[in-house]
Amino acid sequence: MSRVYNFSAGPAVLPEEVLEEAANEMLDYQGTGMSVMEMSHRSPAFQQIIDDAEADLRELMNIPDNYKVLFLQGGASTQFSAIPMNLKKNGKAAYIVTGQWAKKAAQEAEKYIDVVRVASSEDKTFSYIPDCSDLDIPEDADYVYICENNTIYGTKYKTLPNTKGHILVSDVSSCFLSEPVDVEKYGIIYGGVQKNIGPAGMAIVIIREDLIPEEVDKCVPTMLAYKTQADAGSLYNTPPCYTIYMCGKVFKWLKKMGGLDAMKERNEKKAKILYDFLDQSEMFKGTVVPEDRSLMNVPFVTGDEELDAKFVKEAKAAGFENLKGHRTVGGMRASIYNAMPIEGVEALVEFMKKFEEENK
Ligand SMILES: *Cc1c(COP(=O)(O)O)cnc(C)c1O
């Protein structure tokens, strides 16, 4: 067996320990004589798995009691519709557009409500986060929407927008559990888990209880009404059982690693190794303004498409996988999520140095 360093933006690297544990439990989960994949979602064994996952997540993020935690199918993209459908009161919301995912969320919301784009960084290919300290947010906006870490462009909000008293909704798909957050600043924090937590197939939605409406428009699918899912403890229908189980294992791993403070420290250290190299390299350049750089997704270019392609190819041959940039940006992108070890980033930088030397 040989494992590569996997820099994929998602689905992405998982902690090796977690994969090994899951492998060991594949045929017989804790004496049940079956795999978690084969288990009824109504069984006591599975109830324990989902309860433990929620409890560990609450502990890691310090989630207050007046917030619900929902484990939902449909990925982050389904929430682009669920959010406006559930939070709609006046039928208007403010969106800050900092990349493809925020853009898609705004487009989807427009099917159901009036969307006001209060800021955007599209003028400079989303290479920065706009100043959000004094935006013109409509008084009657039901919420303010952001994508907190922009997976494709590699930017991250270092301070949250001033919402002027409005509810903040944040897509944290690619920075979920990468550092501590103050949950109380948000109405909803949500994300797909396949970037920084677990396997594909699920979104986690953390929502302040009073924002879950008793009633939604008649046309809202039962499955998309937060009340349905909250009342049923995410077990209204068959949930993504195996993904919940794997996420639960990752939560335990994160606790063992020292929780989110320790993760933040580790992630800052990893990102610094890469950004420091980019800042002094003659060949490789980061594409984002330094003050808004993501700790998780690091895009970079050589400025020469052929050289970029050569780099990606040679990196792959040397055991560094998935470094090709997103199809809309080109160049390279290294996603260095929680489970990427420091050695992986160090080895990548060594490889980049060598490549630069050889291709001067
Ligand atoms: C990947 C991603 C999404 C889409 O996630 P799906 O689970 O595939 O729907 C949405 N937002 C962000 C920030 C992402 O990185």
# chains A, B, ... in the order shown; residues from 1 in each chain; ligands from 1

$ closest_atom_pairs --of "chain A" --to "ligand 1" --cutoff "9 Å" --atoms "only C-alpha atoms and all ligand atoms" --output "tab-separated table"
residue	atom	partner	partner_atom_place_in_ligand_line	distance
A:Ala9	CA	ligand 1	15 (O)	7.6
A:Gly10	CA	ligand 1	1 (C)	6.7
A:Pro11	CA	ligand 1	1 (C)	8.6
A:Gln73	CA	ligand 1	7 (O)	8.9
A:Gly74	CA	ligand 1	9 (O)	6.7
A:Gly75	CA	ligand 1	7 (O)	3.3
A:Ala76	CA	ligand 1	9 (O)	3.8
A:Ser77	CA	ligand 1	9 (O)	3.6
A:Thr78	CA	ligand 1	9 (O)	6.4
A:Gln79	CA	ligand 1	9 (O)	8.1
A:Phe80	CA	ligand 1	10 (C)	8.5
A:Gly99	CA	ligand 1	13 (C)	8.6
A:Gln100	CA	ligand 1	11 (N)	8.3
A:Trp101	CA	ligand 1	11 (N)	4.9
A:Ala102	CA	ligand 1	11 (N)	7.3
A:Lys104	CA	ligand 1	10 (C)	8.6
A:Ala105	CA	ligand 1	10 (C)	8.3
A:Cys147	CA	ligand 1	13 (C)	5.9
A:Glu148	CA	ligand 1	13 (C)	7.3
A:Asn149	CA	ligand 1	13 (C)	6.1
A:Asn150	CA	ligand 1	13 (C)	5.6
A:Thr151	CA	ligand 1	15 (O)	4.7
A:Ile152	CA	ligand 1	15 (O)	7.2
A:Asp171	CA	ligand 1	13 (C)	5.8
A:Val172	CA	ligand 1	13 (C)	6.0
A:Ser173	CA	ligand 1	13 (C)	4.7
A:Ser174	CA	ligand 1	15 (O)	4.9
A:Cys175	CA	ligand 1	13 (C)	8.2
A:Gly191	CA	ligand 1	11 (N)	6.6
A:Gly192	CA	ligand 1	7 (O)	4.3
A:Val193	CA	ligand 1	7 (O)	7.1
A:Gln194	CA	ligand 1	7 (O)	6.9
A:Lys195	CA	ligand 1	1 (C)	6.9
A:Ala200	CA	ligand 1	7 (O)	7.1
A:Gly201	CA	ligand 1	7 (O)	7.1
A:Met202	CA	ligand 1	7 (O)	6.9
A:Ala203	CA	ligand 1	7 (O)	6.6

$ write_last_selection --atoms "N, CA, C and O atoms" --output "compact mmCIF listing (two decimals), in the first residue's frame"
# COMPACT_ATOMS: atom_id res chain seq x y z
N ALA A 9 -9.60 19.51 -3.36
CA ALA A 9 -10.47 20.48 -2.70
C ALA A 9 -11.72 19.81 -2.12
O ALA A 9 -12.42 20.38 -1.30
N GLY A 10 -12.02 18.59 -2.55
CA GLY A 10 -13.15 17.88 -1.99
C GLY A 10 -13.85 17.04 -3.04
O GLY A 10 -14.04 17.53 -4.15
N PRO A 11 -14.21 15.83 -2.68
CA PRO A 11 -13.84 15.09 -1.48
C PRO A 11 -12.33 15.10 -1.27
O PRO A 11 -11.58 15.16 -2.24
N GLN A 73 -29.08 15.37 3.93
CA GLN A 73 -28.60 14.97 2.61
C GLN A 73 -28.70 16.15 1.63
O GLN A 73 -29.31 17.16 1.92
N GLY A 74 -28.08 15.96 0.48
CA GLY A 74 -28.20 16.99 -0.57
C GLY A 74 -27.03 17.94 -0.63
O GLY A 74 -27.04 18.86 -1.45
N GLY A 75 -26.04 17.75 0.21
CA GLY A 75 -24.85 18.59 0.16
C GLY A 75 -25.14 20.04 0.52
O GLY A 75 -26.25 20.39 0.93
N ALA A 76 -24.13 20.87 0.31
CA ALA A 76 -24.30 22.29 0.61
C ALA A 76 -25.27 22.93 -0.39
O ALA A 76 -26.07 23.80 -0.05
N SER A 77 -25.25 22.45 -1.62
CA SER A 77 -26.04 23.10 -2.67
C SER A 77 -27.54 23.07 -2.40
O SER A 77 -28.26 24.00 -2.79
N THR A 78 -28.03 22.02 -1.77
CA THR A 78 -29.46 21.96 -1.46
C THR A 78 -29.85 23.07 -0.47
O THR A 78 -30.96 23.59 -0.50
N GLN A 79 -28.89 23.44 0.37
CA GLN A 79 -29.16 24.51 1.32
C GLN A 79 -29.30 25.87 0.63
O GLN A 79 -29.90 26.79 1.19
N PHE A 80 -28.75 25.99 -0.58
CA PHE A 80 -28.93 27.25 -1.31
C PHE A 80 -30.42 27.54 -1.49
O PHE A 80 -30.83 28.70 -1.53
N GLY A 99 -17.39 34.71 -4.65
CA GLY A 99 -16.90 33.57 -5.43
C GLY A 99 -18.04 32.79 -6.04
O GLY A 99 -19.22 33.18 -5.94
N GLN A 100 -17.70 31.68 -6.68
CA GLN A 100 -18.71 30.87 -7.38
C GLN A 100 -19.81 30.37 -6.47
O GLN A 100 -20.98 30.32 -6.85
N TRP A 101 -19.44 29.97 -5.26
CA TRP A 101 -20.45 29.35 -4.39
C TRP A 101 -21.44 30.37 -3.86
O TRP A 101 -22.63 30.08 -3.77
N ALA A 102 -20.96 31.56 -3.54
CA ALA A 102 -21.87 32.62 -3.10
C ALA A 102 -22.76 33.05 -4.27
O ALA A 102 -23.96 33.33 -4.11
N LYS A 104 -23.68 31.19 -6.83
CA LYS A 104 -24.69 30.16 -7.05
C LYS A 104 -25.79 30.22 -6.00
O LYS A 104 -26.97 30.02 -6.29
N ALA A 105 -25.40 30.47 -4.77
CA ALA A 105 -26.39 30.57 -3.68
C ALA A 105 -27.34 31.72 -3.95
O ALA A 105 -28.56 31.60 -3.76
N CYS A 147 -20.30 33.44 2.01
CA CYS A 147 -19.54 32.20 1.91
C CYS A 147 -18.20 32.52 2.58
O CYS A 147 -17.42 33.32 2.07
N GLU A 148 -17.99 31.92 3.74
CA GLU A 148 -16.90 32.41 4.61
C GLU A 148 -15.50 32.08 4.09
O GLU A 148 -14.57 32.87 4.24
N ASN A 149 -15.35 30.91 3.52
CA ASN A 149 -14.06 30.54 2.92
C ASN A 149 -14.33 30.14 1.48
O ASN A 149 -15.12 29.23 1.22
N ASN A 150 -13.68 30.84 0.56
CA ASN A 150 -13.97 30.64 -0.85
C ASN A 150 -13.01 29.61 -1.44
O ASN A 150 -11.88 29.92 -1.79
N THR A 151 -13.54 28.41 -1.52
CA THR A 151 -12.79 27.21 -1.88
C THR A 151 -12.02 27.34 -3.19
O THR A 151 -10.90 26.89 -3.31
N ILE A 152 -12.67 27.96 -4.17
CA ILE A 152 -12.08 28.03 -5.51
C ILE A 152 -11.02 29.12 -5.59
O ILE A 152 -9.95 28.92 -6.14
N ASP A 171 -21.94 29.98 4.79
CA ASP A 171 -21.50 28.71 4.21
C ASP A 171 -20.04 28.51 4.60
O ASP A 171 -19.17 29.27 4.18
N VAL A 172 -19.80 27.51 5.44
CA VAL A 172 -18.42 27.25 5.90
C VAL A 172 -17.90 25.91 5.38
O VAL A 172 -17.02 25.30 5.98
N SER A 173 -18.45 25.49 4.24
CA SER A 173 -18.10 24.16 3.70
C SER A 173 -16.60 23.87 3.77
O SER A 173 -16.19 22.79 4.18
N SER A 174 -15.78 24.83 3.32
CA SER A 174 -14.35 24.52 3.20
C SER A 174 -13.52 25.04 4.38
O SER A 174 -12.29 25.00 4.32
N CYS A 175 -14.17 25.53 5.44
CA CYS A 175 -13.39 25.89 6.63
C CYS A 175 -14.04 25.35 7.91
O CYS A 175 -13.65 25.71 9.02
N GLY A 191 -22.52 23.70 6.06
CA GLY A 191 -21.57 23.34 5.02
C GLY A 191 -21.68 21.88 4.64
O GLY A 191 -22.20 21.06 5.40
N GLY A 192 -21.20 21.58 3.44
CA GLY A 192 -21.04 20.19 3.04
C GLY A 192 -19.85 19.64 3.82
O GLY A 192 -18.91 20.37 4.11
N VAL A 193 -19.90 18.36 4.16
CA VAL A 193 -18.83 17.82 5.01
C VAL A 193 -17.62 17.29 4.22
O VAL A 193 -16.59 17.00 4.80
N GLN A 194 -17.76 17.17 2.90
CA GLN A 194 -16.72 16.45 2.14
C GLN A 194 -15.44 17.24 1.91
O GLN A 194 -14.54 16.77 1.25
N LYS A 195 -15.39 18.48 2.43
CA LYS A 195 -14.16 19.25 2.28
C LYS A 195 -13.27 19.02 3.50
O LYS A 195 -12.21 18.45 3.39
N ALA A 200 -18.34 12.43 1.27
CA ALA A 200 -19.44 13.17 0.65
C ALA A 200 -20.79 12.63 1.09
O ALA A 200 -20.90 11.54 1.64
N GLY A 201 -21.84 13.42 0.84
CA GLY A 201 -23.18 12.92 1.05
C GLY A 201 -23.97 13.63 2.11
O GLY A 201 -25.09 13.25 2.43
N MET A 202 -23.40 14.69 2.68
CA MET A 202 -24.13 15.31 3.79
C MET A 202 -23.74 16.78 3.97
O MET A 202 -22.62 17.18 3.70
N ALA A 203 -24.73 17.54 4.44
CA ALA A 203 -24.44 18.88 4.94
C ALA A 203 -24.78 18.90 6.42
O ALA A 203 -25.69 18.19 6.87

$ select_by_dssp --residues "stretch 221-329 of chain A" --states "strand (DSSP E or B)" --output "list in words"
Lys285, Gly286, Arg293, Asn297, Val298, Pro299, Phe300, Val301, Phe320, Glu321 and Lys324 of chain A

$ closest_atom_pairs --of "stretch 264-298 of chain A" --to "stretch 350-359 of chain A" --cutoff "12 Å" --atoms "only C-alpha atoms" --output "tab-separated table"
residue	atom	partner	partner_atom	distance
A:Ile273	CA	A:Glu350	CA	10.5
A:Leu274	CA	A:Met352	CA	9.9
A:Phe277	CA	A:Lys353	CA	8.5
A:Leu278	CA	A:Met352	CA	9.5
A:Gln280	CA	A:Lys353	CA	10.7
A:Ser281	CA	A:Glu356	CA	8.2
A:Glu282	CA	A:Glu356	CA	8.1
A:Met283	CA	A:Glu356	CA	6.4
A:Phe284	CA	A:Glu356	CA	8.1
A:Lys285	CA	A:Met352	CA	11.6

$ select_by_dssp --residues "stretch 135-329 of chain A" --states "alpha helix (DSSP H)" --output "number ranges by chain"
A: 226-231, 241-256, 259-280, 305-317

$ residues_around --residues "stretch 23-39 of chain A" --least-positions-apart "5" --cutoff "9 Å" --atoms "only C-alpha atoms" --output "list in words"
Val18, Ala45, Phe46, Cys241, Tyr242 and Tyr245 of chain A

$ write_last_selection --atoms "all heavy atoms" --output "compact mmCIF listing (two decimals), in the first residue's frame"
# COMPACT_ATOMS: atom_id res chain seq x y z
N VAL A 18 -8.50 7.47 11.22
CA VAL A 18 -9.95 7.31 11.08
C VAL A 18 -10.26 6.25 10.02
O VAL A 18 -11.11 5.38 10.21
CB VAL A 18 -10.60 8.66 10.72
CG1 VAL A 18 -12.02 8.48 10.21
CG2 VAL A 18 -10.58 9.61 11.92
N ALA A 45 -27.86 0.85 17.97
CA ALA A 45 -26.44 1.08 17.66
C ALA A 45 -26.28 2.35 16.82
O ALA A 45 -25.40 3.16 17.06
CB ALA A 45 -25.86 -0.13 16.92
N PHE A 46 -27.17 2.53 15.82
CA PHE A 46 -27.04 3.73 15.01
C PHE A 46 -27.46 4.99 15.77
O PHE A 46 -26.85 6.05 15.63
CB PHE A 46 -27.80 3.64 13.68
CG PHE A 46 -27.51 4.85 12.84
CD1 PHE A 46 -26.28 4.98 12.19
CD2 PHE A 46 -28.41 5.91 12.78
CE1 PHE A 46 -25.96 6.15 11.50
CE2 PHE A 46 -28.09 7.09 12.09
CZ PHE A 46 -26.88 7.19 11.44
N CYS A 241 -26.20 7.47 6.68
CA CYS A 241 -25.72 6.79 7.89
C CYS A 241 -24.20 6.66 7.95
O CYS A 241 -23.58 6.96 8.97
CB CYS A 241 -26.32 5.38 7.97
SG CYS A 241 -28.11 5.35 8.02
N TYR A 242 -23.62 6.19 6.86
CA TYR A 242 -22.19 5.93 6.91
C TYR A 242 -21.38 7.23 7.02
O TYR A 242 -20.38 7.30 7.71
CB TYR A 242 -21.72 5.10 5.70
CG TYR A 242 -20.41 4.42 5.98
CD1 TYR A 242 -20.36 3.27 6.76
CD2 TYR A 242 -19.21 4.94 5.51
CE1 TYR A 242 -19.16 2.64 7.07
CE2 TYR A 242 -18.00 4.33 5.81
CZ TYR A 242 -17.98 3.17 6.58
OH TYR A 242 -16.78 2.57 6.90
N TYR A 245 -21.47 8.37 10.56
CA TYR A 245 -20.53 7.54 11.33
C TYR A 245 -19.08 8.01 11.13
O TYR A 245 -18.32 8.19 12.08
CB TYR A 245 -20.73 6.10 10.87
CG TYR A 245 -19.61 5.11 11.08
CD1 TYR A 245 -19.36 4.55 12.33
CD2 TYR A 245 -18.83 4.70 9.99
CE1 TYR A 245 -18.34 3.60 12.49
CE2 TYR A 245 -17.83 3.76 10.14
CZ TYR A 245 -17.58 3.21 11.39
OH TYR A 245 -16.59 2.28 11.54

$ atom_distance --atom1 "atom CA of A:Asp210" --atom2 "atom CA of A:Ile63"
14.9 Å

$ residues_around --residues "A:Val301" --least-positions-apart "4" --cutoff "12 Å" --atoms "only C-alpha atoms" --output "list in words"
Leu278, Ser281, Glu282, Met283, Phe284, Lys285, Gly286, Thr287, Val288, Glu305, Glu306, Leu307, Asp308, Ala309, Lys310, Phe311, Val312, Leu323, Lys324, Gly325, His326, Val329, Gly330, Gly331, Met332, Arg333, Ala334 and Met352 of chain A

$ closest_residue --among "A:Ala271, A:Ile146, A:Ile83, A:Val250" --to "A:Val216" --atoms "only C-alpha atoms"
A:Ile83

$ residues_around --residues "A:Leu70" --least-positions-apart "6" --cutoff "9 Å" --atoms "only C-alpha atoms" --output "ChimeraX atom specification"
/A:54,203-207,226,229-230,233-234

$ write_last_selection --atoms "all heavy atoms" --output "tab-separated table (two decimals), in the first residue's frame"
chain	number	residue	atom	x	y	z
A	54	GLU	N	-23.37	14.14	17.32
A	54	GLU	CA	-23.89	15.47	17.65
A	54	GLU	C	-23.25	16.01	18.93
A	54	GLU	O	-22.84	17.18	18.98
A	54	GLU	CB	-25.42	15.46	17.79
A	54	GLU	CG	-25.93	16.83	18.19
A	54	GLU	CD	-27.44	17.00	18.17
A	54	GLU	OE1	-28.14	16.21	17.51
A	54	GLU	OE2	-27.91	17.96	18.83
A	203	ALA	N	-24.73	17.54	4.44
A	203	ALA	CA	-24.44	18.88	4.94
A	203	ALA	C	-24.78	18.90	6.42
A	203	ALA	O	-25.69	18.19	6.87
A	203	ALA	CB	-25.28	19.92	4.20
A	204	ILE	N	-24.04	19.68	7.18
A	204	ILE	CA	-24.40	19.91	8.58
A	204	ILE	C	-24.93	21.35	8.65
A	204	ILE	O	-24.30	22.27	8.14
A	204	ILE	CB	-23.19	19.73	9.52
A	204	ILE	CG1	-22.69	18.29	9.46
A	204	ILE	CG2	-23.57	20.11	10.95
A	204	ILE	CD1	-21.46	18.02	10.31
A	205	VAL	N	-26.10	21.49	9.25
A	205	VAL	CA	-26.72	22.81	9.40
A	205	VAL	C	-26.87	23.09	10.90
A	205	VAL	O	-27.54	22.33	11.61
A	205	VAL	CB	-28.10	22.87	8.70
A	205	VAL	CG1	-28.78	24.21	8.96
A	205	VAL	CG2	-27.96	22.60	7.21
A	206	ILE	N	-26.24	24.15	11.35
A	206	ILE	CA	-26.35	24.57	12.76
A	206	ILE	C	-27.21	25.83	12.75
A	206	ILE	O	-26.82	26.84	12.17
A	206	ILE	CB	-24.96	24.83	13.35
A	206	ILE	CG1	-24.09	23.56	13.24
A	206	ILE	CG2	-25.07	25.29	14.81
A	206	ILE	CD1	-22.61	23.81	13.43
A	207	ILE	N	-28.39	25.73	13.34
A	207	ILE	CA	-29.35	26.83	13.19
A	207	ILE	C	-29.95	27.22	14.54
A	207	ILE	O	-30.28	26.36	15.36
A	207	ILE	CB	-30.48	26.44	12.18
A	207	ILE	CG1	-31.55	27.55	12.09
A	207	ILE	CG2	-31.13	25.10	12.52
A	207	ILE	CD1	-32.54	27.39	10.95
A	226	TYR	N	-36.88	22.94	7.64
A	226	TYR	CA	-36.01	22.64	8.78
A	226	TYR	C	-36.78	22.01	9.93
A	226	TYR	O	-36.25	21.21	10.68
A	226	TYR	CB	-35.28	23.91	9.26
A	226	TYR	CG	-34.21	24.39	8.31
A	226	TYR	CD1	-34.02	25.77	8.10
A	226	TYR	CD2	-33.37	23.51	7.65
A	226	TYR	CE1	-33.03	26.23	7.24
A	226	TYR	CE2	-32.38	23.95	6.79
A	226	TYR	CZ	-32.21	25.32	6.59
A	226	TYR	OH	-31.23	25.77	5.75
A	229	GLN	N	-36.91	18.23	9.84
A	229	GLN	CA	-35.64	17.59	10.19
A	229	GLN	C	-35.31	17.78	11.67
A	229	GLN	O	-34.81	16.87	12.33
A	229	GLN	CB	-34.52	18.16	9.31
A	229	GLN	CG	-34.77	18.04	7.82
A	229	GLN	CD	-34.65	16.60	7.31
A	229	GLN	OE1	-34.30	15.68	8.05
A	229	GLN	NE2	-34.93	16.40	6.03
A	230	ALA	N	-35.60	18.97	12.18
A	230	ALA	CA	-35.28	19.26	13.59
A	230	ALA	C	-36.16	18.41	14.50
A	230	ALA	O	-35.68	17.80	15.47
A	230	ALA	CB	-35.49	20.74	13.89
A	233	GLY	N	-34.97	14.81	14.70
A	233	GLY	CA	-33.57	14.56	15.05
A	233	GLY	C	-32.75	14.08	13.85
A	233	GLY	O	-31.91	13.19	13.97
A	234	SER	N	-33.00	14.68	12.70
A	234	SER	CA	-32.35	14.32	11.42
A	234	SER	C	-32.67	12.90	10.97
A	234	SER	O	-31.97	12.34	10.12
A	234	SER	CB	-30.82	14.50	11.48
A	234	SER	OG	-30.47	15.79	11.87

$ closest_residue --among "A:Asp231, A:Leu177, A:Asp292, A:Leu72" --to "A:Asp56" --atoms "only C-alpha atoms"
A:Leu177

$ closest_residue --among "A:Ile167, A:Lys103, A:Ser294, A:Phe71" --to "A:Thr238" --atoms "only C-alpha atoms"
A:Phe71

$ residues_around --residues "A:Ala55" --least-positions-apart "4" --cutoff "12 Å" --atoms "only C-alpha atoms" --output "list in words"
Gln48, Ile49, Ile50, Asp51, Glu59, Leu60, Met61, Asn62, Ile63, Pro64, Asp65, Lys68, Val69, Gly248, Phe251, Lys252 and Lys255 of chain A

$ write_last_selection --atoms "C-alpha atoms" --output "short mmCIF file (atom, residue, chain, number, x, y, z; two decimals), in the first residue's frame"
data_model
loop_
_atom_site.label_atom_id
_atom_site.label_comp_id
_atom_site.auth_asym_id
_atom_site.auth_seq_id
_atom_site.Cartn_x
_atom_site.Cartn_y
_atom_site.Cartn_z
CA GLN A 48 -25.81 5.94 19.59
CA ILE A 49 -23.62 6.83 16.58
CA ILE A 50 -25.69 9.88 15.64
CA ASP A 51 -26.12 11.01 19.26
CA GLU A 59 -18.44 20.11 22.38
CA LEU A 60 -15.89 20.94 19.65
CA MET A 61 -17.72 24.07 18.47
CA ASN A 62 -19.14 25.01 21.82
CA ILE A 63 -22.63 25.14 20.28
CA PRO A 64 -25.17 26.80 22.62
CA ASP A 65 -28.30 24.84 23.62
CA LYS A 68 -30.11 22.78 16.55
CA VAL A 69 -27.66 20.57 14.72
CA GLY A 248 -18.36 11.13 14.19
CA PHE A 251 -14.96 14.61 15.58
CA LYS A 252 -13.34 12.19 18.04
CA LYS A 255 -10.95 16.14 20.16
#

$ closest_residue --among "A:Tyr145, A:Pro290, A:Lys227, A:Asp52" --to "A:Tyr190" --atoms "only C-alpha atoms"
A:Tyr145

$ atom_distance --atom1 "atom CA of A:Cys219" --atom2 "atom CA of A:Ile189"
24.5 Å

$ residues_around --residues "stretch 128-140 of chain A" --least-positions-apart "6" --cutoff "10 Å" --atoms "only C-alpha atoms" --output "ChimeraX atom specification"
/A:89-99,116-122,148-150,153-166,287-293

$ atom_distance --atom1 "atom CA of A:Thr302" --atom2 "atom CA of A:Asn267"
24.3 Å
